[in-house]
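> Input file: data.cif. Contents: mmCIF, C-alpha atoms and all ligand atoms.
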data_my_file
loop_
_atom_site.label_atom_id
_atom_site.label_comp_id
_atom_site.auth_asym_id
_atom_site.auth_seq_id
_atom_site.Cartn_x
_atom_site.Cartn_y
_atom_site.Cartn_z
CA MET A 1191 -6.75 25.74 -96.39
CA GLU A 1192 -3.57 25.92 -94.32
CA ASN A 1193 -0.82 27.80 -96.12
CA ILE A 1194 2.66 26.53 -95.24
CA LYS A 1195 5.73 28.61 -95.96
CA CYS A 1196 8.15 25.72 -96.37
CA LEU A 1197 6.71 22.25 -96.77
CA ILE A 1198 9.01 19.24 -96.61
CA ILE A 1199 7.80 15.82 -97.66
CA GLY A 1200 9.67 12.79 -96.35
CA GLY A 1201 11.07 11.73 -92.99
CA GLY A 1202 14.52 10.41 -93.82
CA PRO A 1203 17.97 11.99 -93.45
CA ALA A 1204 17.28 14.43 -96.31
CA GLY A 1205 13.92 15.59 -94.95
CA TYR A 1206 15.05 15.90 -91.33
CA THR A 1207 18.21 17.79 -92.30
CA ALA A 1208 16.16 20.14 -94.49
CA ALA A 1209 13.85 20.68 -91.48
CA ILE A 1210 16.83 21.46 -89.21
CA TYR A 1211 18.20 24.07 -91.58
CA ALA A 1212 14.79 25.52 -92.48
CA SER A 1213 13.89 25.90 -88.79
CA ARG A 1214 17.09 27.76 -88.06
CA ALA A 1215 16.35 30.03 -91.04
CA ASN A 1216 12.90 30.87 -89.57
CA LEU A 1217 11.03 29.28 -92.47
CA SER A 1218 8.55 27.57 -90.06
CA PRO A 1219 8.89 24.23 -91.83
CA VAL A 1220 6.18 21.60 -91.72
CA LEU A 1221 7.36 18.06 -92.52
CA TYR A 1222 5.12 15.12 -93.42
CA GLU A 1223 6.94 11.95 -92.45
CA GLY A 1224 5.18 9.48 -94.75
CA ILE A 1225 4.68 5.75 -94.29
CA GLN A 1226 8.00 5.01 -92.62
CA PRO A 1227 9.16 7.82 -90.29
CA GLY A 1228 12.93 7.72 -90.24
CA GLY A 1229 13.02 6.28 -93.76
CA GLN A 1230 15.08 3.38 -95.03
CA LEU A 1231 17.74 3.73 -92.34
CA THR A 1232 15.32 2.50 -89.70
CA THR A 1233 15.55 -0.89 -91.39
CA THR A 1234 19.35 -1.01 -91.09
CA THR A 1235 21.36 -2.31 -88.17
CA ASP A 1236 24.66 -0.55 -87.53
CA ILE A 1237 25.85 2.34 -89.65
CA GLU A 1238 29.60 2.51 -89.57
CA ASN A 1239 30.16 5.15 -92.22
CA TYR A 1240 28.16 8.12 -90.92
CA PRO A 1241 30.83 10.57 -89.76
CA GLY A 1242 30.96 11.55 -86.11
CA PHE A 1243 30.28 8.13 -84.59
CA GLU A 1244 33.59 6.46 -83.91
CA ASN A 1245 32.00 3.11 -83.07
CA GLY A 1246 29.07 3.32 -85.49
CA ILE A 1247 25.44 3.97 -84.59
CA GLY A 1248 22.18 2.07 -85.09
CA GLY A 1249 20.04 3.24 -88.02
CA GLN A 1250 16.99 3.82 -85.84
CA ALA A 1251 19.06 5.69 -83.23
CA LEU A 1252 20.57 7.97 -85.86
CA MET A 1253 17.15 8.82 -87.28
CA ASP A 1254 15.64 9.35 -83.82
CA ALA A 1255 18.44 11.82 -83.07
CA MET A 1256 17.96 13.72 -86.36
CA ARG A 1257 14.22 13.85 -85.78
CA ALA A 1258 14.60 15.09 -82.20
CA GLN A 1259 17.04 17.76 -83.37
CA ALA A 1260 14.53 19.00 -85.97
CA VAL A 1261 11.77 19.10 -83.35
CA ARG A 1262 13.96 20.92 -80.82
CA LEU A 1263 14.72 23.59 -83.41
CA GLY A 1264 11.02 24.17 -84.00
CA ALA A 1265 10.09 22.07 -87.05
CA ASP A 1266 6.48 20.90 -87.13
CA LEU A 1267 6.70 17.15 -87.84
CA ARG A 1268 3.47 15.42 -88.77
CA ARG A 1269 2.31 11.94 -89.67
CA GLY A 1270 0.74 11.84 -93.13
CA ILE A 1271 1.31 10.90 -96.72
CA VAL A 1272 1.00 13.32 -99.60
CA SER A 1273 -1.07 11.49 -102.20
CA LYS A 1274 -1.67 14.26 -104.77
CA ALA A 1275 0.15 17.38 -105.86
CA ASP A 1276 -0.82 20.31 -108.03
CA LEU A 1277 2.36 22.21 -108.78
CA SER A 1278 0.92 24.19 -111.72
CA SER A 1279 1.02 27.50 -109.83
CA ARG A 1280 2.08 28.94 -106.46
CA PRO A 1281 1.15 28.39 -103.75
CA PHE A 1282 1.40 24.67 -104.56
CA LYS A 1283 -1.54 22.50 -103.55
CA LEU A 1284 -0.99 19.15 -101.86
CA THR A 1285 -3.58 16.58 -100.84
CA LEU A 1286 -2.93 14.23 -97.94
CA ASP A 1287 -4.14 10.63 -97.68
CA SER A 1288 -6.64 11.86 -95.08
CA GLY A 1289 -8.22 14.03 -97.78
CA GLU A 1290 -6.98 17.24 -96.13
CA GLU A 1291 -5.47 19.87 -98.44
CA VAL A 1292 -2.61 22.22 -97.70
CA SER A 1293 -0.82 24.81 -99.76
CA ALA A 1294 2.87 25.66 -99.77
CA GLU A 1295 5.00 28.60 -100.86
CA ALA A 1296 8.08 26.38 -101.24
CA LEU A 1297 8.22 22.62 -101.43
CA ILE A 1298 11.09 20.23 -100.66
CA ILE A 1299 10.56 16.70 -101.97
CA ALA A 1300 12.56 14.20 -99.90
CA THR A 1301 10.42 11.11 -100.38
CA GLY A 1302 13.29 8.66 -100.79
CA ALA A 1303 13.17 5.34 -102.56
CA THR A 1304 11.37 2.02 -102.05
CA ALA A 1305 12.59 -1.57 -102.30
CA LYS A 1306 12.00 -3.36 -105.61
CA TYR A 1307 10.35 -6.77 -105.92
CA LEU A 1308 10.75 -9.29 -108.73
CA GLY A 1309 7.11 -9.02 -109.76
CA LEU A 1310 6.23 -12.71 -109.38
CA GLU A 1311 2.65 -13.59 -108.47
CA SER A 1312 3.87 -16.08 -105.84
CA GLU A 1313 6.10 -13.39 -104.33
CA THR A 1314 3.08 -11.11 -103.82
CA LYS A 1315 1.05 -14.00 -102.44
CA PHE A 1316 3.60 -14.71 -99.68
CA ARG A 1317 4.54 -11.10 -98.88
CA GLY A 1318 4.59 -10.88 -95.10
CA MET A 1319 4.42 -14.70 -94.92
CA GLY A 1320 8.06 -15.32 -95.61
CA VAL A 1321 8.70 -12.81 -98.40
CA SER A 1322 10.36 -9.62 -97.17
CA ALA A 1323 12.51 -6.78 -98.46
CA CYS A 1324 14.05 -6.07 -95.08
CA ALA A 1325 16.29 -8.62 -93.39
CA THR A 1326 16.93 -6.45 -90.37
CA CYS A 1327 13.17 -6.04 -89.81
CA ASP A 1328 12.19 -9.67 -90.30
CA GLY A 1329 15.34 -11.78 -89.98
CA PHE A 1330 14.58 -12.38 -86.32
CA PHE A 1331 11.68 -14.67 -87.31
CA TYR A 1332 14.03 -17.11 -89.08
CA ARG A 1333 16.34 -18.10 -86.24
CA ASN A 1334 18.08 -21.40 -87.10
CA ARG A 1335 16.11 -21.71 -90.34
CA ASN A 1336 17.19 -21.60 -93.98
CA VAL A 1337 16.59 -18.43 -95.99
CA ALA A 1338 17.51 -16.90 -99.35
CA VAL A 1339 18.51 -13.38 -100.35
CA VAL A 1340 18.03 -12.26 -103.95
CA GLY A 1341 20.61 -9.85 -105.39
CA GLY A 1342 24.35 -9.37 -105.63
CA GLY A 1343 24.81 -5.74 -104.58
CA ASP A 1344 25.99 -4.22 -101.30
CA THR A 1345 22.52 -4.46 -99.82
CA ALA A 1346 22.22 -8.16 -100.63
CA CYS A 1347 25.64 -8.88 -99.14
CA GLU A 1348 24.86 -6.84 -96.04
CA GLU A 1349 21.53 -8.59 -95.57
CA ALA A 1350 23.05 -12.03 -96.17
CA SER A 1351 25.77 -11.34 -93.59
CA TYR A 1352 23.20 -10.14 -91.10
CA LEU A 1353 20.99 -13.20 -91.66
CA ALA A 1354 23.98 -15.55 -91.45
CA ASN A 1355 24.30 -14.58 -87.77
CA ILE A 1356 20.72 -15.62 -87.09
CA CYS A 1357 19.88 -18.37 -89.56
CA LYS A 1358 21.23 -21.84 -90.15
CA LYS A 1359 21.95 -21.29 -93.83
CA VAL A 1360 21.66 -18.35 -96.22
CA TYR A 1361 21.49 -18.81 -99.99
CA MET A 1362 22.29 -15.81 -102.16
CA ILE A 1363 20.46 -15.98 -105.48
CA VAL A 1364 22.64 -14.06 -107.94
CA ARG A 1365 21.61 -13.70 -111.58
CA ARG A 1366 25.13 -13.29 -113.00
CA ASP A 1367 28.46 -14.96 -112.25
CA VAL A 1368 29.76 -11.88 -110.40
CA LEU A 1369 28.64 -9.76 -107.48
CA ARG A 1370 28.03 -6.05 -107.98
CA ALA A 1371 28.92 -5.36 -104.35
CA SER A 1372 32.10 -3.62 -103.14
CA GLN A 1373 35.15 -5.82 -102.61
CA ALA A 1374 34.89 -5.53 -98.81
CA MET A 1375 31.31 -6.82 -98.84
CA GLN A 1376 32.19 -9.59 -101.31
CA ASP A 1377 35.01 -10.72 -99.03
CA ARG A 1378 32.66 -10.76 -96.08
CA VAL A 1379 30.10 -13.07 -97.73
CA MET A 1380 32.77 -15.29 -99.27
CA ASN A 1381 34.28 -15.77 -95.82
CA THR A 1382 31.02 -16.63 -94.11
CA PRO A 1383 30.71 -20.43 -94.04
CA ASN A 1384 26.91 -20.60 -93.87
CA ILE A 1385 26.35 -18.38 -96.92
CA GLU A 1386 26.10 -20.26 -100.22
CA ILE A 1387 26.01 -18.27 -103.43
CA LEU A 1388 23.85 -19.71 -106.21
CA TRP A 1389 25.41 -18.13 -109.30
CA ASN A 1390 23.60 -17.49 -112.59
CA CYS A 1391 20.21 -18.18 -111.04
CA ASN A 1392 16.85 -16.49 -111.40
CA THR A 1393 13.78 -17.19 -109.29
CA GLN A 1394 10.90 -18.72 -111.22
CA GLU A 1395 8.54 -19.09 -108.31
CA VAL A 1396 8.33 -18.73 -104.55
CA LEU A 1397 6.95 -21.99 -103.18
CA GLY A 1398 4.72 -22.23 -100.13
CA ASP A 1399 1.63 -23.44 -98.40
CA LEU A 1400 -0.78 -22.11 -95.79
CA SER A 1401 2.07 -21.74 -93.30
CA GLY A 1402 3.98 -19.44 -95.67
CA VAL A 1403 7.14 -19.84 -97.74
CA THR A 1404 8.62 -23.33 -97.94
CA GLY A 1405 10.99 -22.97 -100.88
CA ALA A 1406 11.93 -21.34 -104.16
CA ARG A 1407 12.16 -22.72 -107.70
CA LEU A 1408 15.23 -21.47 -109.50
CA LEU A 1409 16.33 -21.51 -113.11
CA ARG A 1410 20.06 -21.63 -113.74
CA LYS A 1411 21.43 -20.07 -116.95
CA ASP A 1412 22.33 -23.53 -118.28
CA GLY A 1413 18.62 -24.45 -118.21
CA GLU A 1414 18.57 -26.49 -115.00
CA VAL A 1415 15.49 -25.94 -112.86
CA PHE A 1416 15.83 -26.85 -109.18
CA ASP A 1417 14.17 -26.16 -105.83
CA ILE A 1418 15.71 -24.96 -102.59
CA ALA A 1419 14.04 -25.47 -99.21
CA ILE A 1420 13.75 -22.14 -97.36
CA ASP A 1421 11.41 -20.44 -94.89
CA GLY A 1422 12.31 -16.86 -95.75
CA PHE A 1423 12.78 -15.15 -99.13
CA PHE A 1424 14.47 -11.74 -98.90
CA LEU A 1425 14.64 -9.26 -101.78
CA ALA A 1426 17.67 -7.00 -102.09
CA ILE A 1427 17.60 -6.01 -105.76
CA GLY A 1428 17.60 -2.24 -105.46
CA HIS A 1429 15.08 0.52 -105.06
CA HIS A 1430 12.88 2.82 -107.08
CA PRO A 1431 12.49 6.54 -106.34
CA ASN A 1432 9.20 7.71 -104.81
CA SER A 1433 8.53 10.47 -107.30
CA GLU A 1434 5.23 9.34 -108.88
CA VAL A 1435 3.05 11.88 -107.06
CA PHE A 1436 5.10 14.74 -108.52
CA SER A 1437 6.13 13.35 -111.90
CA GLU A 1438 3.36 15.16 -113.79
CA TRP A 1439 5.07 18.44 -112.89
CA VAL A 1440 8.66 17.71 -111.97
CA ARG A 1441 11.07 16.41 -114.56
CA THR A 1442 12.45 12.91 -113.87
CA ASP A 1443 14.97 10.67 -115.64
CA GLY A 1444 14.17 7.32 -117.28
CA ASN A 1445 14.22 5.57 -113.90
CA GLY A 1446 12.00 8.11 -112.15
CA TYR A 1447 14.74 10.02 -110.29
CA ILE A 1448 13.93 13.74 -110.04
CA ILE A 1449 16.33 15.84 -112.10
CA THR A 1450 17.91 18.74 -110.25
CA ASP A 1451 19.78 21.70 -111.67
CA GLY A 1452 23.55 21.25 -111.42
CA LYS A 1453 24.83 21.34 -107.88
CA THR A 1454 21.58 22.81 -106.56
CA SER A 1455 18.40 21.08 -105.43
CA ARG A 1456 16.25 23.13 -107.82
CA THR A 1457 13.83 21.20 -110.02
CA ASN A 1458 12.30 22.49 -113.26
CA VAL A 1459 9.41 23.95 -111.19
CA GLU A 1460 10.39 27.20 -109.51
CA GLY A 1461 9.98 26.87 -105.75
CA VAL A 1462 10.13 23.06 -105.79
CA PHE A 1463 13.34 21.43 -104.57
CA ALA A 1464 14.38 17.78 -104.32
CA ALA A 1465 16.74 16.11 -101.85
CA GLY A 1466 17.94 12.64 -100.93
CA ASP A 1467 17.43 9.32 -102.69
CA VAL A 1468 14.47 10.54 -104.78
CA GLN A 1469 16.96 12.57 -106.85
CA ASP A 1470 20.12 10.50 -106.38
CA PRO A 1471 20.63 7.36 -108.46
CA LEU A 1472 24.34 7.37 -107.74
CA TYR A 1473 25.42 7.78 -104.11
CA ARG A 1474 22.31 6.94 -102.03
CA GLN A 1475 24.09 7.24 -98.70
CA ALA A 1476 22.70 8.69 -95.46
CA VAL A 1477 25.41 11.32 -95.41
CA THR A 1478 24.84 12.40 -99.03
CA ALA A 1479 21.07 12.49 -98.43
CA ALA A 1480 21.58 14.67 -95.34
CA ALA A 1481 23.87 16.99 -97.30
CA SER A 1482 21.34 17.36 -100.09
CA GLY A 1483 18.63 18.14 -97.52
CA CYS A 1484 20.83 20.98 -96.30
CA ARG A 1485 21.20 22.25 -99.86
CA ALA A 1486 17.43 22.10 -100.42
CA ALA A 1487 16.71 24.15 -97.28
CA LEU A 1488 19.31 26.76 -98.26
CA ASP A 1489 17.88 26.91 -101.79
CA ALA A 1490 14.32 27.24 -100.40
CA GLU A 1491 15.46 30.01 -98.03
CA LYS A 1492 17.00 31.93 -100.90
CA PHE A 1493 13.88 31.44 -103.01
CA LEU A 1494 11.51 32.57 -100.24
CA ASN A 1495 13.58 35.59 -99.32
CA ILE A 1496 13.92 37.00 -102.84
P1 LIG B 1 22.34 -2.35 -106.55
O1 LIG B 1 21.58 -1.72 -107.65
O2 LIG B 1 23.74 -1.93 -106.32
O3 LIG B 1 22.35 -3.94 -106.71
C1 LIG B 1 21.20 -4.63 -107.05
C2 LIG B 1 21.53 -6.10 -107.18
O4 LIG B 1 20.32 -6.81 -107.46
C3 LIG B 1 22.48 -6.41 -108.32
O5 LIG B 1 23.29 -7.51 -107.99
C4 LIG B 1 21.53 -6.77 -109.45
O6 LIG B 1 22.08 -7.68 -110.39
C5 LIG B 1 20.43 -7.50 -108.69
N1 LIG B 1 19.15 -7.44 -109.38
C6 LIG B 1 18.49 -6.35 -109.85
N2 LIG B 1 17.31 -6.68 -110.41
C7 LIG B 1 17.23 -8.03 -110.30
C8 LIG B 1 16.26 -8.98 -110.70
N3 LIG B 1 15.13 -8.61 -111.31
N4 LIG B 1 16.51 -10.29 -110.43
C9 LIG B 1 17.63 -10.67 -109.80
N5 LIG B 1 18.60 -9.81 -109.41
C10 LIG B 1 18.40 -8.52 -109.64
O7 LIG B 1 21.42 -2.10 -105.24
P2 LIG B 1 21.82 -2.14 -103.72
O8 LIG B 1 20.53 -1.90 -103.02
O9 LIG B 1 22.61 -3.31 -103.36
O10 LIG B 1 22.74 -0.84 -103.51
C11 LIG B 1 22.28 0.45 -103.89
C12 LIG B 1 23.39 1.49 -103.62
O11 LIG B 1 23.58 1.63 -102.21
C13 LIG B 1 24.73 1.06 -104.19
O12 LIG B 1 25.39 2.20 -104.66
C14 LIG B 1 25.45 0.47 -103.00
O13 LIG B 1 26.85 0.54 -103.12
C15 LIG B 1 24.93 1.35 -101.86
N6 LIG B 1 24.97 0.62 -100.57
C16 LIG B 1 26.02 0.88 -99.74
C17 LIG B 1 26.13 0.25 -98.53
C18 LIG B 1 27.29 0.61 -97.65
O14 LIG B 1 28.11 1.38 -98.06
N7 LIG B 1 27.38 0.07 -96.46
C19 LIG B 1 25.13 -0.74 -98.07
C20 LIG B 1 24.07 -0.95 -99.02
C21 LIG B 1 24.01 -0.29 -100.22
P3 LIG B 1 23.11 -7.18 -111.53
O15 LIG B 1 24.40 -6.92 -110.81
O16 LIG B 1 23.13 -8.33 -112.45
O17 LIG B 1 22.50 -5.94 -112.12
#
Now that the file is in, can you turn its structure into structure tokens?
Ligand code: NDP

Amino acid sequence: MENIKCLIIGGGPAGYTAAIYASRANLSPVLYEGIQPGGQLTTTTDIENYPGFENGIGGQALMDAMRAQAVRLGADLRRGIVSKADLSSRPFKLTLDSGEEVSAEALIIATGATAKYLGLESETKFRGMGVSACATCDGFFYRNRNVAVVGGGDTACEEASYLANICKKVYMIVRRDVLRASQAMQDRVMNTPNIEILWNCNTQEVLGDLSGVTGARLLRKDGEVFDIAIDGFFLAIGHHPNSEVFSEWVRTDGNGYIITDGKTSRTNVEGVFAAGDVQDPLYRQAVTAAASGCRAALDAEKFLNI
């Protein structure tokens, strides 16, 4: 079995930054990139708040650059998903989806978070046939059509604004009578003429036929049930942390976020560190994820060199 000195799981800003720092510290890091190399940012259009880019940068471009930097510094980046972990003793044992096993002296978990769905049967049925959790990936298919975005947070507003540039009309399905999003994002959607907010509404069912989504049945708080005609149904209701594989060993909070020790990236298992969205229910920004990846590599270096 291959024994890896510093194993990093997750190819997002946290994982790549950890790989950059661990390479420069001669820890010979190996990083498994998971299902979506580049992570959630690859599904974003322009990022205007990552420092150092005066005019913003595309999400994919930013991740490509971080990845290339990690490779140039010597990190061993591999495709593969870790599907099982035994963290009961060191070296830790990890099983990949290919069935291959590796062991690790130090482990950095940077597996990020995944989009949430409502859990409706009809939503599952039409996933990929009009139901999507990524407007920037799939919005292109709905040029001049009508679509809906579920949610009232920053993501929902961002996705609705993005879709409004492509689609004829964008409904926002919001379950309360307020948006959770920041004031700037609220202003943007309120000032976009082809976005209509459907307040106090929950989705009962996604409607469709063999061609895919054709509508959604909504229930308003006052009891009214009504249908909207749409071709695309986009979810933007938050994310859940990808910690399941490790949760038998690593302590998590009620929502599954890995608990780290104070300002460090240390988990309750000595030699296991967590970085990025998998341990951050609060900030969830590219720049905070990158910073926590740096912390995790420095913590792993200290641990390995003791
Ligand atoms: P949030 O958790 O902030 O918002 C989720 C939204 O979905 C809320 O409006 C919530 O409603 C709604 N919702 C949740 N569950 C359901 C459900 N079952 N049915 C209907 N509606 C539901 O998630 P976001 O992904 O928007 O944002 C996550 C974090 O990332 C935030 O901190 C945000 O500020 C940040 N972010 C920042 C951006 C930027 O700075 N450019 C861009 C995107 C995100 P309710 O309000 O009623 O709970």
> Give me the residues within 7 Å of segment 1383-1387 of chain A as a PDB file with C-alpha atoms, keeping the file's coordinate frame, counting all atoms listed in the file and dropping any in the same chain fewer than 2 places off.

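Output file part_34.pdb follows:
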ATOM      1  CA  ALA A1354      23.980 -15.550 -91.450  1.00  0.00           C
ATOM      2  CA  LYS A1358      21.230 -21.840 -90.150  1.00  0.00           C
ATOM      3  CA  LYS A1359      21.950 -21.290 -93.830  1.00  0.00           C
ATOM      4  CA  VAL A1360      21.660 -18.350 -96.220  1.00  0.00           C
ATOM      5  CA  TYR A1361      21.490 -18.810 -99.990  1.00  0.00           C
ATOM      6  CA  MET A1362      22.290 -15.810-102.160  1.00  0.00           C
ATOM      7  CA  ILE A1363      20.460 -15.980-105.480  1.00  0.00           C
ATOM      8  CA  VAL A1379      30.100 -13.070 -97.730  1.00  0.00           C
ATOM      9  CA  ASN A1381      34.280 -15.770 -95.820  1.00  0.00           C
ATOM     10  CA  TRP A1389      25.410 -18.130-109.300  1.00  0.00           C
TER      11      TRP A1389
END
> Could you produce a table of the residues of segment 1233-1321 of chain A lying within 7 Å of segment 1419-1425 of chain A, with the nearest pair of atoms per residue and their separation in Å rounded to one decimal, using all atoms listed in the file, ordered by chain and increasing residue number, as JSON lines?

{"residue": "A:Tyr1307", "atom": "CA", "partner": "A:Leu1425", "partner_atom": "CA", "distance": 6.5}
{"residue": "A:Gly1320", "atom": "CA", "partner": "A:Gly1422", "partner_atom": "CA", "distance": 4.5}
{"residue": "A:Val1321", "atom": "CA", "partner": "A:Phe1423", "partner_atom": "CA", "distance": 4.8}
> Using all atoms listed in the file, determine which residues lie at most 10 Å from Asp1266 of chain A, disregarding the query and same-chain residues fewer than 5 positions distant; provide the list as a ChimeraX atom specification.
/A:1197-1198,1209,1213,1218-1222,1260-1261
> Those residues you just picked out, can you put them in a file as a short mmCIF file (atom, residue, chain, number, x, y, z; two decimals), in the frame of the given file with C-alpha atoms?

data_model
loop_
_atom_site.label_atom_id
_atom_site.label_comp_id
_atom_site.auth_asym_id
_atom_site.auth_seq_id
_atom_site.Cartn_x
_atom_site.Cartn_y
_atom_site.Cartn_z
CA LEU A 1197 6.71 22.25 -96.77
CA ILE A 1198 9.01 19.24 -96.61
CA ALA A 1209 13.85 20.68 -91.48
CA SER A 1213 13.89 25.90 -88.79
CA SER A 1218 8.55 27.57 -90.06
CA PRO A 1219 8.89 24.23 -91.83
CA VAL A 1220 6.18 21.60 -91.72
CA LEU A 1221 7.36 18.06 -92.52
CA TYR A 1222 5.12 15.12 -93.42
CA ALA A 1260 14.53 19.00 -85.97
CA VAL A 1261 11.77 19.10 -83.35
#
> Can you tell me how far atom CA of Ala1251 of chain A sits from atom CA of Cys1327 of chain A, in Å to one decimal?
14.7 Å
> Where's the centre, and what are the edge lengths in Å to one decimal, of a box along x, y and z enclosing all listed atoms of ligand LIG 1 (chain B) padded 3 Å per side, as JSON?

{"center_x": 21.6, "center_y": -4.2, "center_z": -104.5, "size_x": 19.0, "size_y": 18.9, "size_z": 22.0}
> Provide the atom P1 of ligand LIG 1 (chain B) to atom CA of Gly1446 of chain A distance in Å, to one decimal place.
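Spanning atom P1 of ligand LIG 1 (chain B) to atom CA of Gly1446 of chain A is a straight-line distance of 15.7 Å.
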> Could you state the separation of atom CA of Arg1407 of chain A and atom CA of Asp1367 of chain A in Å, given to one decimal place?
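Between these atoms lies a distance of 18.6 Å.
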> Using only C-alpha atoms, pick whichever of A:Thr1207, A:Thr1404, A:Asn1334, A:Thr1301 has the shortest atom-to-atom distance to Ala1486 of chain A.
A:Thr1207
> Between A:Cys1324, A:Val1435, A:Ile1356, A:Ala1300, which one has atoms that come closest to Gly1205 of chain A, using only C-alpha atoms?
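Using only C-alpha atoms, Gly1205 of chain A sits closest to A:Ala1300.
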> Here is a test: counting all atoms listed in the file, which residue of A:Leu1400, A:Ile1194, A:Val1339, A:Ala1476 is nearest to Leu1284 of chain A?
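The closest residue to Leu1284 of chain A is A:Ile1194.
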> Need to verify the contact set: segment 1441-1443 of chain A, 9 Å, only C-alpha atoms, exclusion of same-chain residues closer than 6 positions in sequence. Can you return it as a list in words?
Ser1433, Ile1449, Thr1450, Thr1457, Asn1458, Val1459 and Gln1469 of chain A
> Just want the residues within 9 Å of ligand LIG 1 (chain B), written as a PyMOL selection string, counting only C-alpha atoms and all ligand atoms.
chain A and resi 1237-1239+1305-1309+1340-1349+1363-1372+1375+1391-1393+1425-1429+1471-1475
> Identify which of the residues A:Asn1245, A:Asn1432, A:Asn1336, A:Lys1315 lies closest to Ile1225 of chain A, counting only C-alpha atoms when measuring atom-to-atom distances.
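Among the listed residues, the smallest separation from Ile1225 of chain A belongs to A:Asn1432.
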> Name all residues at most 10 Å from Ala1490 of chain A (count only C-alpha atoms; drop same-chain ones fewer than 3 positions away) and give them as a list of chain:residue names.
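Near Ala1490 of chain A, the qualifying residues are A:Lys1195, A:Cys1196, A:Leu1197, A:Ala1208, A:Ala1212, A:Ala1215, A:Leu1217, A:Glu1295, A:Ala1296, A:Leu1297, A:Ile1298, A:Ser1455, A:Arg1456, A:Glu1460, A:Gly1461, A:Val1462, A:Phe1463, A:Cys1484, A:Arg1485, A:Ala1486, A:Ala1487, A:Phe1493, A:Leu1494, A:Asn1495.
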> Which residue is closest to His1430 of chain A? Choose from A:Thr1326, A:Phe1331, A:Val1292, A:Ala1303 and count all atoms listed in the file.
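Checking each of A:Thr1326, A:Phe1331, A:Val1292, A:Ala1303 against His1430 of chain A, counting all atoms listed in the file, the winner is A:Ala1303.
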> Here is a test: counting all atoms listed in the file, which residue of A:Gly1466, A:Ser1437, A:Gly1248, A:Ser1273 is nearest to Thr1285 of chain A?
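Between A:Gly1466, A:Ser1437, A:Gly1248, A:Ser1273, the residue approaching Thr1285 of chain A most closely is A:Ser1273.
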> Take the point (2.6, 21.2, -110.6) in the file's coordinates, draw a sphere of radius 8 Å around it, and report as a count of residues only every protein, DNA or RNA residue with an atom inside or on it, counting all atoms listed in the file.
11
> Counting all atoms listed in the file, find the residues whose atoms lie at most 6 Å from (2.8, 14.2, -97.3) (file coordinates) and write them out as a VMD selection string.
chain A and resid 1199 1222 1224 1270 to 1272 1286
